[in-house]
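Worksheet: one structure, shown below.
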Amino acid sequence: MLAFVFVTLGSISVYGQDATTSDGEPAAPVEATSGGDAALGEALFKANCASCHKLYKKAVGPALFQVSQRHDREWLYSWVKNSTALIATGDAEAVAIYNEYNQSNMNAFPQLSNTDIDNIIAYTDTEKPKPTGPVVDAASTGSATGGSSISNNIILGALAVVLLLLVVLLIVVNKTLKRFAQANGIQTEFEEEERTPIWKAFVQNQFLVLVTSVFLLLASAYFAYGALMSVGVDQGYAPVQPIHYSHRIHAGSNEIDCKYCHSSARESKHSGIPSLNVCMNCHKSIGEVADATYQEGIDEYGIDYNKEIQKLYAATGWDSDEQKFVGEESPVRWVRIHNLPDLAYFNHAQHVTAGKIACQTCHGPVEEMEVMYQYSPLTMGWCINCHRETNVDLQGNGYYEQIHKELSEARGGRQLTIADLGGLECGKCHY
Ligand code: HEC
Ligand code: HEC
Ligand code: HEC
Ligand code: HEC
Ligand code: HEC
Ligand code: HEC
């Protein structure tokens, strides 16, 4: 039996690994045609050229993939070192490309040696790496993190089958042993004595019945109360958004300040969702995520990040080849997550600016959230508790100094809480 269980478990874990490792290997850089060092070239490219050029796509300047096949080497040296000078000589190739790009000027790079330029060109000959692993569209899946659930279910199912087999086996063994005992004339002790069934003994003991029913009543009241109190509480609510927007990547890895996007939190009741213009401040030039980010998105969340950015482009009508807004605009319908009932009044500026409370106190570790969810219960008890426990920040508030001092003396000289200021008055939070 044990051997059987081990073999089964062993094969399951092998299966589990198969499911998570992807079969395709990232494409290795193709042999450099020029003999330059593509790795050195990549660093130079990122430092000097990446602000205007991409390898496989038009940006401010042309896509540079296999540029070495479009021009000869000497031409490239003089172009990169000083393109304006080359154009001024009336070189036909140079003038043509200059006109094609609306006569915008490329920086001169006199500091780059011919070897440097060879290295950069070796890098521009790198084939586009192929993505690996399965890709899922964010909007078409129920959960963004369902990647590993299939293999988990299979493991659980297999375990259940193994346990079932064990039970059947034990029953069979039991029966065989009994038959064996009978055949040999051995008396099994169970058959001998007449015992009162356990349920009869239980019913006869009135004390036990009383204690059990009290316990059952209390337990069901406890669970019923819990169930009733959670009606209308949407803690953990995480709807699928029309664009898979990751706070982990923006507020976490890239450390963008919350108030850059949620700017009205400082001075108004509402925090607001940024308009797509704010997104395009960056995304005009960020059409694709870094390769490492891309791979992570596919492996860990099953999301094709680049496709999500394309949705942003579709909504704003941005054509990344032409670098212009051309298409139709269509609003993105974000699904609202936090929502108090109409009877309650909550003001962000009062808490963020006057109260100096960090967003994370109420909204949780936003910078780690791949998918935004409601972290706090947003119940009345939650508001009241914090008002009871939080001390008023008296620093640098000269105007109220006298009032605060008198109030504090009236309360026996202790620290003032928000509750002392009226944070428990019904009218402050209810219209
Ligand atoms: C300020 C933006 C900018 C930077 C930085 C820049 N380029 Fe350019 N590049 C351009 C533009 C714009 C063109 C199109 C021609 C023109 O308008 O001058 C171009 C054209 C080129 C071309 C000709 C491409 C073709 O298809 O014919 C090459 C090669 C090139 N750049 C290489 C480089 C390299 C290598 C670097 C980094 C060392 C670099 N560029 C940095 C803007 C830039
Ligand atoms: C680059 C812009 C950007 C930054 C920076 C940003 N957010 Fe957001 N935030 C959004 C967008 C877009 C949404 C709507 C989509 C969603 O819910 O994921 C959103 C949604 C939210 C929501 C849920 C709103 C609702 O519907 O109830 C909260 C709460 C939130 N952000 C808090 C934060 C906090 C806290 C930070 C800083 C740690 C932050 N955000 C940084 C763009 C941003
Ligand atoms: C301050 C610059 C900045 C702003 C503003 C910004 N982004 Fe981004 N965004 C980035 C960067 C940088 C990346 C790529 C990160 C990487 O490659 O690791 C990115 C990646 C993304 C991605 C792919 C990863 C993901 O989150 O799914 C999407 C989609 C995206 N942004 C949408 C938006 C939307 C929608 C807005 C506006 C609410 C926005 N971005 C505003 C800088 C910005
Ligand atoms: C004291 C707790 C608290 C703090 C601090 C707080 N929020 Fe909120 N936030 C809430 C509540 C409660 C709601 C629901 C408001 C409603 O439905 O009227 C909310 C709603 C939101 C929304 C949805 C849109 C809206 O305004 O209704 C966003 C976005 C948001 N918060 C972002 C932020 C950001 C960014 C910060 C930090 C600058 C922040 N919040 C600080 C409690 C808080
Ligand atoms: C994390 C703690 C915290 C939570 C949670 C919180 N508050 Fe507050 N609240 C404060 C602080 C701190 C102040 C005092 C700000 C100031 O100095 O004016 C305040 C002040 C207020 C005031 C003004 C009180 C007065 O005397 O003028 C109202 C109204 C209010 N909060 C409503 C709410 C509501 C509604 C909720 C729940 C949805 C809530 N708060 C949740 C900390 C909190
Ligand atoms: C700090 C803010 C705050 C104060 C003070 C406050 N409430 Fe509330 N109250 C709320 C919030 C927020 C909700 C909504 C909670 C929810 O949706 O679960 C609420 C919900 C309620 C509800 C439930 C309404 C319903 O339809 O479920 C009642 C009744 C209520 N409050 C009465 C009062 C009374 C009476 C007082 C004064 C003794 C009071 N509240 C003081 C914030 C407050």
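Here, A, B, ... name the chains of the structure tokens in the order displayed, residue numbers run from 1 inside each chain, and ligands are numbered from 1 in the same displayed order.
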
Quick one: contact table of chain A to ligand 2, 7 Å max, nearest atom pair and distance in Å to one decimal per residue, counting only C-alpha atoms and all ligand atoms, chain and number order, as CSV?
residue,atom,partner,partner_atom_place_in_ligand_line,distance
A:Gln241,CA,ligand 2,15 (C),6.4
A:Tyr245,CA,ligand 2,18 (O),5.2
A:Ser246,CA,ligand 2,18 (O),6.5
A:His247,CA,ligand 2,6 (C),6.1
A:His250,CA,ligand 2,5 (C),5.6
A:Ala251,CA,ligand 2,5 (C),4.9
A:Ile256,CA,ligand 2,5 (C),4.6
A:Asp257,CA,ligand 2,5 (C),5.2
A:Cys258,CA,ligand 2,37 (C),3.4
A:Lys259,CA,ligand 2,5 (C),6.8
A:Tyr260,CA,ligand 2,5 (C),5.9
A:Cys261,CA,ligand 2,2 (C),4.4
A:His262,CA,ligand 2,7 (N),6.3
A:Ile273,CA,ligand 2,13 (C),5.5
A:Pro274,CA,ligand 2,12 (C),6.0
A:Cys279,CA,ligand 2,1 (C),6.3
A:Trp334,CA,ligand 2,15 (C),5.8
A:Val335,CA,ligand 2,26 (O),6.1
A:Arg336,CA,ligand 2,26 (O),3.6
A:Ile337,CA,ligand 2,27 (O),3.6
A:His338,CA,ligand 2,27 (O),3.6
A:Asn339,CA,ligand 2,27 (O),6.6
A:Cys359,CA,ligand 2,35 (C),4.7
A:Gln360,CA,ligand 2,35 (C),5.7
A:His363,CA,ligand 2,29 (C),5.5
A:Val366,CA,ligand 2,38 (C),5.1
A:Glu367,CA,ligand 2,38 (C),5.1
A:Val371,CA,ligand 2,18 (O),6.1
A:Met372,CA,ligand 2,18 (O),4.8

Using C-alpha atoms, can you write the selected residues to a file as a PDB file, in the first residue's frame?
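Full text of result_9.pdb as output:
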ATOM      1  CA  GLN A 241     -11.167  45.552 -14.760  1.00  0.00           C
ATOM      2  CA  TYR A 245      -3.903  47.633 -14.471  1.00  0.00           C
ATOM      3  CA  SER A 246      -1.306  46.605 -11.890  1.00  0.00           C
ATOM      4  CA  HIS A 247      -0.677  48.797  -8.841  1.00  0.00           C
ATOM      5  CA  HIS A 250       3.143  51.243 -11.108  1.00  0.00           C
ATOM      6  CA  ALA A 251       3.018  52.187  -7.409  1.00  0.00           C
ATOM      7  CA  ILE A 256       4.844  56.333  -8.822  1.00  0.00           C
ATOM      8  CA  ASP A 257       3.273  58.482  -6.098  1.00  0.00           C
ATOM      9  CA  CYS A 258      -0.397  57.659  -5.429  1.00  0.00           C
ATOM     10  CA  LYS A 259      -1.299  61.321  -5.706  1.00  0.00           C
ATOM     11  CA  TYR A 260       0.220  61.615  -9.184  1.00  0.00           C
ATOM     12  CA  CYS A 261      -2.782  59.655 -10.397  1.00  0.00           C
ATOM     13  CA  HIS A 262      -5.285  60.105  -7.567  1.00  0.00           C
ATOM     14  CA  ILE A 273      -9.604  57.663 -10.983  1.00  0.00           C
ATOM     15  CA  PRO A 274      -7.060  59.294 -13.339  1.00  0.00           C
ATOM     16  CA  CYS A 279      -1.621  57.388 -18.454  1.00  0.00           C
ATOM     17  CA  TRP A 334     -13.389  50.985 -14.688  1.00  0.00           C
ATOM     18  CA  VAL A 335     -15.447  48.983 -12.209  1.00  0.00           C
ATOM     19  CA  ARG A 336     -15.889  50.853  -8.931  1.00  0.00           C
ATOM     20  CA  ILE A 337     -14.574  48.920  -5.935  1.00  0.00           C
ATOM     21  CA  HIS A 338     -14.965  51.019  -2.760  1.00  0.00           C
ATOM     22  CA  ASN A 339     -18.452  52.370  -2.300  1.00  0.00           C
ATOM     23  CA  CYS A 359      -3.480  55.709   1.984  1.00  0.00           C
ATOM     24  CA  GLN A 360      -2.211  52.272   3.012  1.00  0.00           C
ATOM     25  CA  HIS A 363      -6.457  50.649   1.520  1.00  0.00           C
ATOM     26  CA  VAL A 366      -1.643  48.752  -2.544  1.00  0.00           C
ATOM     27  CA  GLU A 367       1.915  48.737  -3.889  1.00  0.00           C
ATOM     28  CA  VAL A 371      -5.259  43.327  -8.845  1.00  0.00           C
ATOM     29  CA  MET A 372      -6.848  46.057  -6.697  1.00  0.00           C
TER      30      MET A 372
END

Find the residues of chain A that sit at most 7 Å from ligand 5; for each, write down the nearest two atoms and how far apart they are in Å, to one decimal. Count only C-alpha atoms and all ligand atoms. Sort by chain, then by number going up, and give it as JSON lines.
{"residue": "A:Ala344", "atom": "CA", "partner": "ligand 5", "partner_atom_place_in_ligand_line": "35 (C)", "distance": 6.1}
{"residue": "A:Tyr345", "atom": "CA", "partner": "ligand 5", "partner_atom_place_in_ligand_line": "35 (C)", "distance": 5.3}
{"residue": "A:Phe346", "atom": "CA", "partner": "ligand 5", "partner_atom_place_in_ligand_line": "35 (C)", "distance": 4.3}
{"residue": "A:Asn347", "atom": "CA", "partner": "ligand 5", "partner_atom_place_in_ligand_line": "32 (C)", "distance": 6.7}
{"residue": "A:Gln350", "atom": "CA", "partner": "ligand 5", "partner_atom_place_in_ligand_line": "15 (C)", "distance": 5.4}
{"residue": "A:His351", "atom": "CA", "partner": "ligand 5", "partner_atom_place_in_ligand_line": "15 (C)", "distance": 5.2}
{"residue": "A:Ala354", "atom": "CA", "partner": "ligand 5", "partner_atom_place_in_ligand_line": "16 (C)", "distance": 4.7}
{"residue": "A:Gly355", "atom": "CA", "partner": "ligand 5", "partner_atom_place_in_ligand_line": "15 (C)", "distance": 3.7}
{"residue": "A:Ile357", "atom": "CA", "partner": "ligand 5", "partner_atom_place_in_ligand_line": "1 (C)", "distance": 6.5}
{"residue": "A:Thr361", "atom": "CA", "partner": "ligand 5", "partner_atom_place_in_ligand_line": "1 (C)", "distance": 5.7}
{"residue": "A:Cys362", "atom": "CA", "partner": "ligand 5", "partner_atom_place_in_ligand_line": "1 (C)", "distance": 5.9}
{"residue": "A:Leu378", "atom": "CA", "partner": "ligand 5", "partner_atom_place_in_ligand_line": "38 (C)", "distance": 5.3}
{"residue": "A:Thr379", "atom": "CA", "partner": "ligand 5", "partner_atom_place_in_ligand_line": "38 (C)", "distance": 6.6}
{"residue": "A:Met380", "atom": "CA", "partner": "ligand 5", "partner_atom_place_in_ligand_line": "37 (C)", "distance": 6.1}
{"residue": "A:Trp382", "atom": "CA", "partner": "ligand 5", "partner_atom_place_in_ligand_line": "5 (C)", "distance": 5.9}
{"residue": "A:Cys383", "atom": "CA", "partner": "ligand 5", "partner_atom_place_in_ligand_line": "41 (C)", "distance": 3.7}
{"residue": "A:Ile384", "atom": "CA", "partner": "ligand 5", "partner_atom_place_in_ligand_line": "41 (C)", "distance": 6.8}
{"residue": "A:Cys386", "atom": "CA", "partner": "ligand 5", "partner_atom_place_in_ligand_line": "2 (C)", "distance": 4.3}
{"residue": "A:His387", "atom": "CA", "partner": "ligand 5", "partner_atom_place_in_ligand_line": "42 (C)", "distance": 5.3}
{"residue": "A:Thr390", "atom": "CA", "partner": "ligand 5", "partner_atom_place_in_ligand_line": "12 (C)", "distance": 5.9}
{"residue": "A:Val392", "atom": "CA", "partner": "ligand 5", "partner_atom_place_in_ligand_line": "17 (O)", "distance": 6.1}
{"residue": "A:Asp393", "atom": "CA", "partner": "ligand 5", "partner_atom_place_in_ligand_line": "17 (O)", "distance": 6.5}
{"residue": "A:Ile418", "atom": "CA", "partner": "ligand 5", "partner_atom_place_in_ligand_line": "14 (C)", "distance": 5.6}
{"residue": "A:Leu421", "atom": "CA", "partner": "ligand 5", "partner_atom_place_in_ligand_line": "26 (O)", "distance": 4.7}
{"residue": "A:Gly422", "atom": "CA", "partner": "ligand 5", "partner_atom_place_in_ligand_line": "26 (O)", "distance": 4.1}
{"residue": "A:Gly423", "atom": "CA", "partner": "ligand 5", "partner_atom_place_in_ligand_line": "24 (C)", "distance": 4.3}
{"residue": "A:Lys428", "atom": "CA", "partner": "ligand 5", "partner_atom_place_in_ligand_line": "29 (C)", "distance": 4.4}
{"residue": "A:Cys429", "atom": "CA", "partner": "ligand 5", "partner_atom_place_in_ligand_line": "29 (C)", "distance": 4.6}

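Relative to CA of Glu329 (chain A), CA of Ala315 (chain A) is found at 5.4 Å.
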
Task: All alpha helix (DSSP H) residues (DSSP, backbone) inside region 149-318 of chain A, as a PyMOL selection string - done: chain A and resi 149-183+189-192+198-204+206-229+247+258-261+276-283+291-296+305-316

- [ ] Give the answer as one residue: which of A:Pro365, A:Pro110, A:Gly317, A:Gly226 has the shortest atom-to-atom distance to ligand 4, using only C-alpha atoms and all ligand atoms?
- [x] A:Pro365

Task: Between CA of Cys49 (chain A) and atom 20 (C, counted along the ligand's line) of ligand 3, distance in Å (one decimal) - done: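 Interatomic distance, CA of Cys49 (chain A) to atom 20 (C, counted along the ligand's line) of ligand 3: 20.6 Å.
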
- [ ] Would you list the contacts of Ala50 (chain A) as a PyMOL selection string, taking every protein, DNA or RNA residue within 10 Å and counting only C-alpha atoms, but skipping same-chain residues closer than 5 positions in sequence?
- [x] chain A and resi 42-45+55+59-61

Generate a file of the selected residues that holds C-alpha atoms, formatted as a PDB file, in the first residue's frame.
ATOM      1  CA  GLU A  42      22.816  46.588 -25.486  1.00  0.00           C
ATOM      2  CA  ALA A  43      24.162  48.691 -22.629  1.00  0.00           C
ATOM      3  CA  LEU A  44      25.281  51.437 -25.026  1.00  0.00           C
ATOM      4  CA  PHE A  45      21.968  51.318 -26.857  1.00  0.00           C
ATOM      5  CA  LEU A  55      14.425  47.564 -32.123  1.00  0.00           C
ATOM      6  CA  ALA A  59       9.412  55.399 -32.105  1.00  0.00           C
ATOM      7  CA  VAL A  60      10.775  58.922 -32.550  1.00  0.00           C
ATOM      8  CA  GLY A  61      13.275  57.409 -34.962  1.00  0.00           C
TER       9      GLY A  61
END

TODO: List all protein, DNA and RNA residues that have any atom at most 8 Å from ligand 3, counting only C-alpha atoms and all ligand atoms, and write the list as a PyMOL selection string.
DONE: chain A and resi 243-250+253-254+256+260-261+273-283+286+288-294+297+303-312+370

Open item on the list: Quick check, in Å to one decimal: how far apart do atom 2 (C, counted along the ligand's line) of ligand 1 and CA of Met106 (chain A) lie?
Closed with: 4.8 Å

Show which residues sit within 10 Å of region 404-407 of chain A, as a compact mmCIF listing (two decimals) with C-alpha atoms, in the first residue's frame. Count only C-alpha atoms, and ignore same-chain residues fewer than 4 positions away.
# COMPACT_ATOMS: atom_id res chain seq x y z
CA VAL A 392 -5.36 64.15 17.36
CA LEU A 394 -1.56 68.64 17.71
CA ASN A 397 -1.65 73.75 14.79
CA GLY A 398 -1.30 77.06 16.62
CA TYR A 399 -4.76 78.29 15.79
CA TYR A 400 -6.49 75.60 17.83
CA ARG A 411 -10.92 65.36 29.90
CA GLY A 412 -8.53 65.00 32.83
CA GLY A 413 -5.42 66.07 30.95
CA ARG A 414 -5.19 63.03 28.67
CA GLN A 415 -4.34 62.92 24.96
CA LEU A 416 -7.29 63.89 22.77
CA ASP A 420 -13.23 63.86 21.61
CA LEU A 421 -13.45 66.25 18.66

Open item on the list: Ranking A:Tyr313, A:Tyr237, A:Tyr56, A:Phe207 by minimum distance to Val332 (chain A) and counting only C-alpha atoms, which one comes first?
Closed with: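 Selected residue with least distance to Val332 (chain A): A:Tyr313.
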
Contacts of ligand 1, 8 Å or closer, only C-alpha atoms and all ligand atoms, given as a CSV table (one decimal) with N, CA and C atoms, in the first residue's frame:
chain,number,residue,atom,x,y,z
A,44,LEU,N,25.1,50.2,-24.3
A,44,LEU,CA,25.3,51.4,-25.0
A,44,LEU,C,24.0,51.9,-25.6
A,45,PHE,N,23.2,51.0,-26.2
A,45,PHE,CA,22.0,51.3,-26.9
A,45,PHE,C,21.0,51.9,-25.8
A,47,ALA,N,21.7,53.3,-23.0
A,47,ALA,CA,22.1,54.6,-22.4
A,47,ALA,C,21.9,55.7,-23.4
A,48,ASN,N,22.2,55.4,-24.7
A,48,ASN,CA,22.2,56.5,-25.7
A,48,ASN,C,21.0,56.6,-26.7
A,49,CYS,N,20.5,55.5,-27.1
A,49,CYS,CA,19.6,55.5,-28.2
A,49,CYS,C,18.2,55.2,-27.9
A,50,ALA,N,18.0,54.5,-26.7
A,50,ALA,CA,16.6,53.9,-26.4
A,50,ALA,C,15.6,55.0,-26.3
A,51,SER,N,16.0,56.2,-25.9
A,51,SER,CA,15.0,57.3,-25.8
A,51,SER,C,14.3,57.6,-27.1
A,52,CYS,N,14.9,57.3,-28.2
A,52,CYS,CA,14.3,57.6,-29.5
A,52,CYS,C,14.1,56.4,-30.4
A,53,HIS,N,14.8,55.3,-30.1
A,53,HIS,CA,14.7,54.1,-31.0
A,53,HIS,C,14.3,52.9,-30.3
A,60,VAL,N,10.4,57.6,-32.0
A,60,VAL,CA,10.8,58.9,-32.5
A,60,VAL,C,11.6,58.7,-33.8
A,61,GLY,N,12.5,57.8,-33.8
A,61,GLY,CA,13.3,57.4,-35.0
A,61,GLY,C,12.8,56.0,-35.5
A,62,PRO,N,13.4,55.6,-36.6
A,62,PRO,CA,13.0,54.3,-37.2
A,62,PRO,C,13.4,53.1,-36.3
A,63,ALA,N,12.7,52.0,-36.5
A,63,ALA,CA,13.1,50.7,-35.9
A,63,ALA,C,14.5,50.3,-36.3
A,64,LEU,N,15.4,49.9,-35.4
A,64,LEU,CA,16.8,49.7,-35.8
A,64,LEU,C,17.1,48.2,-36.1
A,67,VAL,N,19.4,47.2,-39.1
A,67,VAL,CA,19.7,48.4,-39.9
A,67,VAL,C,21.0,48.2,-40.7
A,68,SER,N,21.8,47.3,-40.2
A,68,SER,CA,23.1,47.0,-40.9
A,68,SER,C,22.9,46.5,-42.4
A,70,ARG,N,20.5,47.8,-44.2
A,70,ARG,CA,20.0,48.9,-45.0
A,70,ARG,C,21.0,49.9,-45.5
A,71,HIS,N,22.1,49.9,-44.7
A,71,HIS,CA,23.2,50.9,-45.0
A,71,HIS,C,24.5,50.2,-44.9
A,76,LEU,N,27.1,54.1,-41.7
A,76,LEU,CA,26.5,54.1,-40.3
A,76,LEU,C,27.5,54.8,-39.3
A,79,TRP,N,27.0,58.5,-39.8
A,79,TRP,CA,25.7,58.9,-39.4
A,79,TRP,C,25.6,59.0,-37.9
A,80,VAL,N,26.0,58.0,-37.2
A,80,VAL,CA,25.8,58.0,-35.8
A,80,VAL,C,26.7,59.1,-35.1
A,83,SER,N,24.9,62.9,-37.6
A,83,SER,CA,24.0,62.8,-38.7
A,83,SER,C,23.8,64.1,-39.4
A,84,THR,N,23.8,65.2,-38.6
A,84,THR,CA,23.5,66.5,-39.2
A,84,THR,C,24.6,66.9,-40.3
A,93,GLU,N,21.1,59.1,-49.3
A,93,GLU,CA,20.5,58.2,-48.3
A,93,GLU,C,20.1,59.0,-47.1
A,94,ALA,N,21.0,59.9,-46.6
A,94,ALA,CA,20.8,60.6,-45.4
A,94,ALA,C,19.7,61.6,-45.5
A,97,ILE,N,16.2,59.8,-45.5
A,97,ILE,CA,15.7,59.4,-44.2
A,97,ILE,C,15.3,60.6,-43.4
A,98,TYR,N,16.1,61.7,-43.5
A,98,TYR,CA,15.8,62.9,-42.8
A,98,TYR,C,14.5,63.5,-43.1
A,99,ASN,N,14.2,63.5,-44.4
A,99,ASN,CA,12.9,64.0,-44.9
A,99,ASN,C,11.7,63.1,-44.4
A,100,GLU,N,12.0,61.7,-44.5
A,100,GLU,CA,11.0,60.8,-44.1
A,100,GLU,C,10.5,61.0,-42.7
A,101,TYR,N,11.5,61.4,-41.8
A,101,TYR,CA,11.1,61.7,-40.4
A,101,TYR,C,10.9,63.2,-40.1
A,102,ASN,N,10.3,63.9,-41.0
A,102,ASN,CA,9.9,65.2,-40.8
A,102,ASN,C,11.0,66.1,-40.4
A,103,GLN,N,12.2,65.8,-40.9
A,103,GLN,CA,13.4,66.6,-40.6
A,103,GLN,C,13.7,66.8,-39.2
A,104,SER,N,13.4,65.8,-38.4
A,104,SER,CA,13.7,65.9,-36.9
A,104,SER,C,15.2,65.5,-36.8
A,105,ASN,N,15.9,66.1,-35.9
A,105,ASN,CA,17.3,65.9,-35.8
A,105,ASN,C,17.6,64.8,-34.8
A,106,MET,N,18.6,64.0,-35.2
A,106,MET,CA,19.1,63.0,-34.2
A,106,MET,C,20.3,63.6,-33.5
A,107,ASN,N,20.5,63.2,-32.2
A,107,ASN,CA,21.7,63.7,-31.5
A,107,ASN,C,23.0,63.3,-32.2
A,108,ALA,N,24.1,64.0,-32.1
A,108,ALA,CA,25.3,63.6,-32.6
A,108,ALA,C,26.0,62.8,-31.4
A,109,PHE,N,26.8,61.7,-31.8
A,109,PHE,CA,27.5,60.9,-30.8
A,109,PHE,C,29.0,60.8,-31.1
A,112,LEU,N,31.4,58.1,-29.5
A,112,LEU,CA,31.3,56.7,-29.7
A,112,LEU,C,32.4,56.3,-30.7
A,117,ILE,N,30.1,51.4,-32.0
A,117,ILE,CA,29.0,51.4,-33.0
A,117,ILE,C,28.9,50.0,-33.5
A,120,ILE,N,26.9,48.2,-31.0
A,120,ILE,CA,25.4,48.6,-31.0
A,120,ILE,C,24.8,47.9,-32.2
A,121,ILE,N,25.4,47.8,-33.3
A,121,ILE,CA,24.8,47.2,-34.5
A,121,ILE,C,24.7,45.7,-34.3

Task: Of the listed residues A:Tyr222, A:Ala96, A:Leu40, A:Ile154, that which approaches Asp118 (chain A) most closely, counting only C-alpha atoms - done: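 Distance minimum relative to Asp118 (chain A) lands on A:Leu40.
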
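Shortest separation to ligand 4 among A:Glu389, A:Lys284, A:Leu424, A:Ser264 occurs at residue A:Ser264, atoms counted being only C-alpha atoms and all ligand atoms.
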
- [ ] Name the residues in contact with Arg266 (chain A) at a cut-off of 8 Å, using only C-alpha atoms, excluding same-chain residues fewer than 2 positions from it; report them as a PyMOL selection string.
- [x] chain A and resi 259+263-264+268+271+348-349+352-353

Would you save the residues of that selection, restricted to N, CA and C atoms, as a PDB file, in the first residue's frame?
ATOM      1  N   LYS A 259      -0.583  60.082  -5.410  1.00  0.00           N
ATOM      2  CA  LYS A 259      -1.299  61.321  -5.706  1.00  0.00           C
ATOM      3  C   LYS A 259      -0.968  61.861  -7.095  1.00  0.00           C
ATOM      4  N   SER A 263      -4.995  62.506  -7.807  1.00  0.00           N
ATOM      5  CA  SER A 263      -4.558  63.812  -7.312  1.00  0.00           C
ATOM      6  C   SER A 263      -5.616  64.515  -6.478  1.00  0.00           C
ATOM      7  N   SER A 264      -6.882  64.214  -6.691  1.00  0.00           N
ATOM      8  CA  SER A 264      -7.892  64.974  -5.959  1.00  0.00           C
ATOM      9  C   SER A 264      -8.023  64.518  -4.510  1.00  0.00           C
ATOM     10  N   SER A 268     -10.109  67.113  -2.040  1.00  0.00           N
ATOM     11  CA  SER A 268     -11.552  66.961  -2.183  1.00  0.00           C
ATOM     12  C   SER A 268     -12.039  65.701  -1.498  1.00  0.00           C
ATOM     13  N   SER A 271     -11.348  60.707  -4.263  1.00  0.00           N
ATOM     14  CA  SER A 271      -9.988  60.492  -4.670  1.00  0.00           C
ATOM     15  C   SER A 271      -9.897  60.406  -6.184  1.00  0.00           C
ATOM     16  N   HIS A 348     -11.965  62.399   1.703  1.00  0.00           N
ATOM     17  CA  HIS A 348     -10.547  62.040   1.626  1.00  0.00           C
ATOM     18  C   HIS A 348      -9.631  63.138   2.144  1.00  0.00           C
ATOM     19  N   ALA A 349      -9.878  64.393   1.734  1.00  0.00           N
ATOM     20  CA  ALA A 349      -8.983  65.477   2.129  1.00  0.00           C
ATOM     21  C   ALA A 349      -8.886  65.558   3.656  1.00  0.00           C
ATOM     22  N   VAL A 352      -6.583  62.527   4.566  1.00  0.00           N
ATOM     23  CA  VAL A 352      -5.245  62.479   3.979  1.00  0.00           C
ATOM     24  C   VAL A 352      -4.464  63.753   4.300  1.00  0.00           C
ATOM     25  N   THR A 353      -5.104  64.925   4.157  1.00  0.00           N
ATOM     26  CA  THR A 353      -4.386  66.181   4.355  1.00  0.00           C
ATOM     27  C   THR A 353      -4.444  66.642   5.812  1.00  0.00           C
TER      28      THR A 353
END

- [ ] Can you work out which one of A:Ser408, A:Gln323, A:Asn152, A:Ser230 has the shortest atom-to-atom distance to ligand 6, counting only C-alpha atoms and all ligand atoms?
- [x] A:Ser230
